[in-house]
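Visitor: One structure, pasted below without further comment.
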Protein chains: 2
Amino acid sequence: MVNETDTSTTESVAIVERQGAFADRDAWTLQGMCRMEHSLALIGTRSALVLLREVFFGATRFEDLVNRSGLSEAVAAGRLKELVAHGVLTRRPYRDPGSRTRQEYVLTDLGSRLFPVLVSLIEWGELLNDDHHSGLELIHKQCGSPVKTEITCGNDHPVALDDTAVQFRGEDRAQPSP
Amino acid sequence: MVNETDTSTTESVAIVERQGAFADRDAWTLQGMCRMEHSLALIGTRSALVLLREVFFGATRFEDLVNRSGLSEAVAAGRLKELVAHGVLTRRPYRDPGSRTRQEYVLTDLGSRLFPVLVSLIEWGELLNDDHHSGLELIHKQCGSPVKTEITCGNDHPVALDDTAVQFRGEDRAQPSP
């Protein structure tokens with residue numbers, strides 16, 4: 001279980017700094033402005049994320065996706081339809097001997113670019129459980145070492161939460177803060 | 001808008017390879033095995049993720065969180081209570097002049113470690129919209145360059161989706177695949 005943080009301590013608050021016109025935070029809300037809105041509209045449900053996890057781990061067929069995800073057929077069918085409509089998954093025909101042609105679900109390029117979301121969710125899940133010696137592990141298959149996320153910038157600097165700022169796109173690029 | 005992938009093409013399927021005892025995929029499901037389950041149980045809802053986004057971007061007070069998230073007071077209150085109970089957020093007293101002491105919400109260390117989840121969701125959201133010249137941008141404040149996620153391993157190799165494998169923890173570490 002997770003240890004509850006002692007609420008009597010006053011710890012420093014790690015937040016993203018606001019720069020430029022965005023610094024006047026009361027003048028703006030993030031609704032409709034943040035790219036994360038678009039992501040959450042498509043995949044911001046447990047059912048979508050669980051189906052995507054199963055596809056990343058190799059499930060392609062509807063029955064398999066239903067069994068592995070633990071979702072009902074109706075919920076799985078609805079989510080898969082949405083994910084196909086938005087170009088995250090695509091349908092591909094397959095045919096088992098003696099059966100009619102059916103459709104399986106595979107990741108598109110857009111879908112495969114959800115990989116960092118998947119890895120970061122798995123990585124964070126590790127922190128929630130004391131039992132680090134059971135369960136699945138995602139590894140780099142060439143060297144066997146566990147996979148992790150790193151946050152960097154376009155100049156390949158490692159970036160911590162406190163090193164980040166949010167601003168309107170294109171604003172203040174020539175004047176980084178000290 | 002997202003371009004729909006041409007479903008008539010047969011593209012290669014990028015998936016995570018299964019190794020060791022896990023390679024017999026029909027013998028196992030991921031339910032209860034994958035760390036991502038734990039993450040999704042806590043934050044696998046749009047409302048939790050939107051509240052966390054607002055906290056990452058500097059909102060701490062209940063009224064502010066409600067206004068910025070666009071959630072109802074009841075939904076926001078319920079989610080915040082869950083996030084505090086699970087140690088993602090903590091409550092901290094504050095007092096405005098002439099007012100009674102109230103509680104604000106700040107990230108715990110566990111909560112702040114959701115930063116890669118936030119960044120990866122924002123980054124993926126970028127791909128969903130043609131308009132790359134509006135909206136918010138998350139930057140490295142020391143150099144002004146946009147922030148991104150990288151997937152690496154314990155040996156600091158860059159890791160692509162096709163370079164990953166899933167296995168039972170501790171299994172086959174001495175025998176990485178060629």
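Note on naming: chains are A, B, ... as they come in the structure tokens, residues start from 1 per chain, ligands start from 1 in the order shown.
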DSSP on the backbone: what in range 16-135 of chain A comes out strand (DSSP E or B), as a list of chain:residue names?

Guide: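 Result set for range 16-135 of chain A (strand (DSSP E or B)): A:Glu17, A:Arg18, A:Thr45, A:Leu89, A:Thr90, A:Arg91, A:Arg92, A:Pro93, A:Tyr94, A:Arg102, A:Gln103, A:Glu104, A:Tyr105, A:Val106, A:Leu107.
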
Visitor: Env of range 60-70 of chain B: 10 Å cut, atoms = only C-alpha atoms, seq-sep filter 3 positions within chain, self excluded. Answer as a ChimeraX atom specification.

Guide: /A:13,26,28-31 /B:47-57,73-77,80,91-92,94,102-107

Visitor: Provide the CA of Leu136 in chain A to CA of Cys153 in chain B distance in Å, to one decimal place.

Guide: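 Separation of CA of Leu136 in chain A and CA of Cys153 in chain B: 15.7 Å.
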
Visitor: For a quick check of understanding, using only C-alpha atoms, which of A:Thr108, A:Gly44, A:Ala165, A:Gly78 has the smallest distance to Thr90 in chain A?

Guide: A:Thr108

Visitor: From the options B:Thr149, B:Ser72, B:Thr45, B:Asn155, which residue's atoms come nearest to Leu118 in chain A, counting only C-alpha atoms?

Guide: B:Thr149

Visitor: Name the residues of range 68-121 of chain B that fall into alpha helix (DSSP H) according to DSSP on the backbone, using the chain letters and numbers of this document, as a PyMOL selection string.

Guide: chain B and resi 68-69+73-85+109-112+115-121

Visitor: Considering only C-alpha atoms, can you say which of A:Glu137, A:Glu150, A:Glu82, A:Asp96 comes closest to Ser120 in chain A?

Guide: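 Answer, going by the shortest atom-to-atom distance: A:Glu150.
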
Visitor: Considering only C-alpha atoms, state which residue in the set B:Leu128, B:Ile43, B:Leu138, B:Val147 is at the smallest distance from Gly87 in chain A.

Guide: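 Among B:Leu128, B:Ile43, B:Leu138, B:Val147, it is B:Leu128 that comes nearest to Gly87 in chain A.
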
Visitor: Which residues are near Val88 in chain A? Cut-off 9 Å, only C-alpha atoms, ignore same chain within fewer than 2 positions. Put them as a list of chain:residue names.

Guide: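 Here the qualifying residues turn out to be A:Leu42, A:Glu82, A:Leu83, A:Val84, A:Ala85, A:His86, A:Thr90, A:Val106, A:Leu107, A:Thr108, A:Asp109, A:Leu110, A:Gly111, A:Ser112, A:Leu114, B:Glu4, B:Thr5.
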
Visitor: Please dump the current selection as a tab-separated table (two decimals), in the first residue's frame; keep N, CA, C and O atoms.

Guide:
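Written out: part.tsv:
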chain	number	residue	atom	x	y	z
A	42	LEU	N	-9.58	10.94	-26.49
A	42	LEU	CA	-9.48	9.65	-27.20
A	42	LEU	C	-9.19	8.48	-26.27
A	42	LEU	O	-9.73	7.40	-26.44
A	82	GLU	N	-14.19	3.39	-31.71
A	82	GLU	CA	-13.67	4.76	-31.52
A	82	GLU	C	-12.18	4.84	-31.86
A	82	GLU	O	-11.73	5.78	-32.50
A	83	LEU	N	-11.43	3.87	-31.36
A	83	LEU	CA	-9.98	3.89	-31.57
A	83	LEU	C	-9.64	3.74	-33.05
A	83	LEU	O	-8.68	4.34	-33.54
A	84	VAL	N	-10.44	2.97	-33.78
A	84	VAL	CA	-10.25	2.85	-35.23
A	84	VAL	C	-10.65	4.15	-35.93
A	84	VAL	O	-9.93	4.67	-36.78
A	85	ALA	N	-11.78	4.72	-35.54
A	85	ALA	CA	-12.27	5.96	-36.16
A	85	ALA	C	-11.27	7.09	-36.01
A	85	ALA	O	-11.15	7.95	-36.88
A	86	HIS	N	-10.53	7.09	-34.91
A	86	HIS	CA	-9.57	8.16	-34.65
A	86	HIS	C	-8.16	7.81	-35.10
A	86	HIS	O	-7.21	8.55	-34.83
A	90	THR	N	-6.03	0.11	-36.47
A	90	THR	CA	-6.63	-0.14	-37.78
A	90	THR	C	-7.07	-1.59	-37.83
A	90	THR	O	-6.55	-2.43	-37.09
A	106	VAL	N	-4.86	-3.80	-35.13
A	106	VAL	CA	-3.42	-3.56	-34.95
A	106	VAL	C	-3.18	-2.05	-34.77
A	106	VAL	O	-3.98	-1.22	-35.19
A	107	LEU	N	-2.06	-1.74	-34.17
A	107	LEU	CA	-1.68	-0.34	-33.95
A	107	LEU	C	-1.33	0.34	-35.26
A	107	LEU	O	-0.63	-0.23	-36.10
A	108	THR	N	-1.78	1.55	-35.45
A	108	THR	CA	-1.28	2.40	-36.53
A	108	THR	C	0.01	3.05	-36.04
A	108	THR	O	0.41	2.87	-34.88
A	109	ASP	N	0.63	3.84	-36.89
A	109	ASP	CA	1.81	4.59	-36.45
A	109	ASP	C	1.43	5.53	-35.30
A	109	ASP	O	2.14	5.62	-34.30
A	110	LEU	N	0.28	6.19	-35.45
A	110	LEU	CA	-0.19	7.08	-34.38
A	110	LEU	C	-0.37	6.30	-33.08
A	110	LEU	O	0.04	6.74	-32.00
A	111	GLY	N	-0.99	5.12	-33.17
A	111	GLY	CA	-1.20	4.30	-31.98
A	111	GLY	C	0.10	3.86	-31.34
A	111	GLY	O	0.25	3.88	-30.12
A	112	SER	N	1.06	3.48	-32.18
A	112	SER	CA	2.32	2.98	-31.62
A	112	SER	C	3.08	4.11	-30.90
A	112	SER	O	3.90	3.85	-30.03
A	114	LEU	N	1.84	5.93	-28.78
A	114	LEU	CA	1.37	5.95	-27.38
A	114	LEU	C	2.31	5.17	-26.46
A	114	LEU	O	2.07	5.09	-25.25
B	4	GLU	N	-7.42	9.10	-41.16
B	4	GLU	CA	-7.68	7.67	-40.94
B	4	GLU	C	-6.68	6.85	-41.74
B	4	GLU	O	-6.38	7.16	-42.88
B	5	THR	N	-6.19	5.83	-41.12
B	5	THR	CA	-5.25	4.96	-41.81
B	5	THR	C	-6.00	4.13	-42.84
B	5	THR	O	-7.12	3.68	-42.59

Visitor: Between A:Arg95, A:His38, A:Lys81, A:His157, which residue has the minimum interatomic distance to chain B, considering only C-alpha atoms?

Guide: A:His38

Visitor: What does the structure give for the distance between CA of Leu127 in chain A and CA of Val159 in chain A, in Å to one decimal?

Guide: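 Separation between CA of Leu127 in chain A and CA of Val159 in chain A: 20.3 Å.
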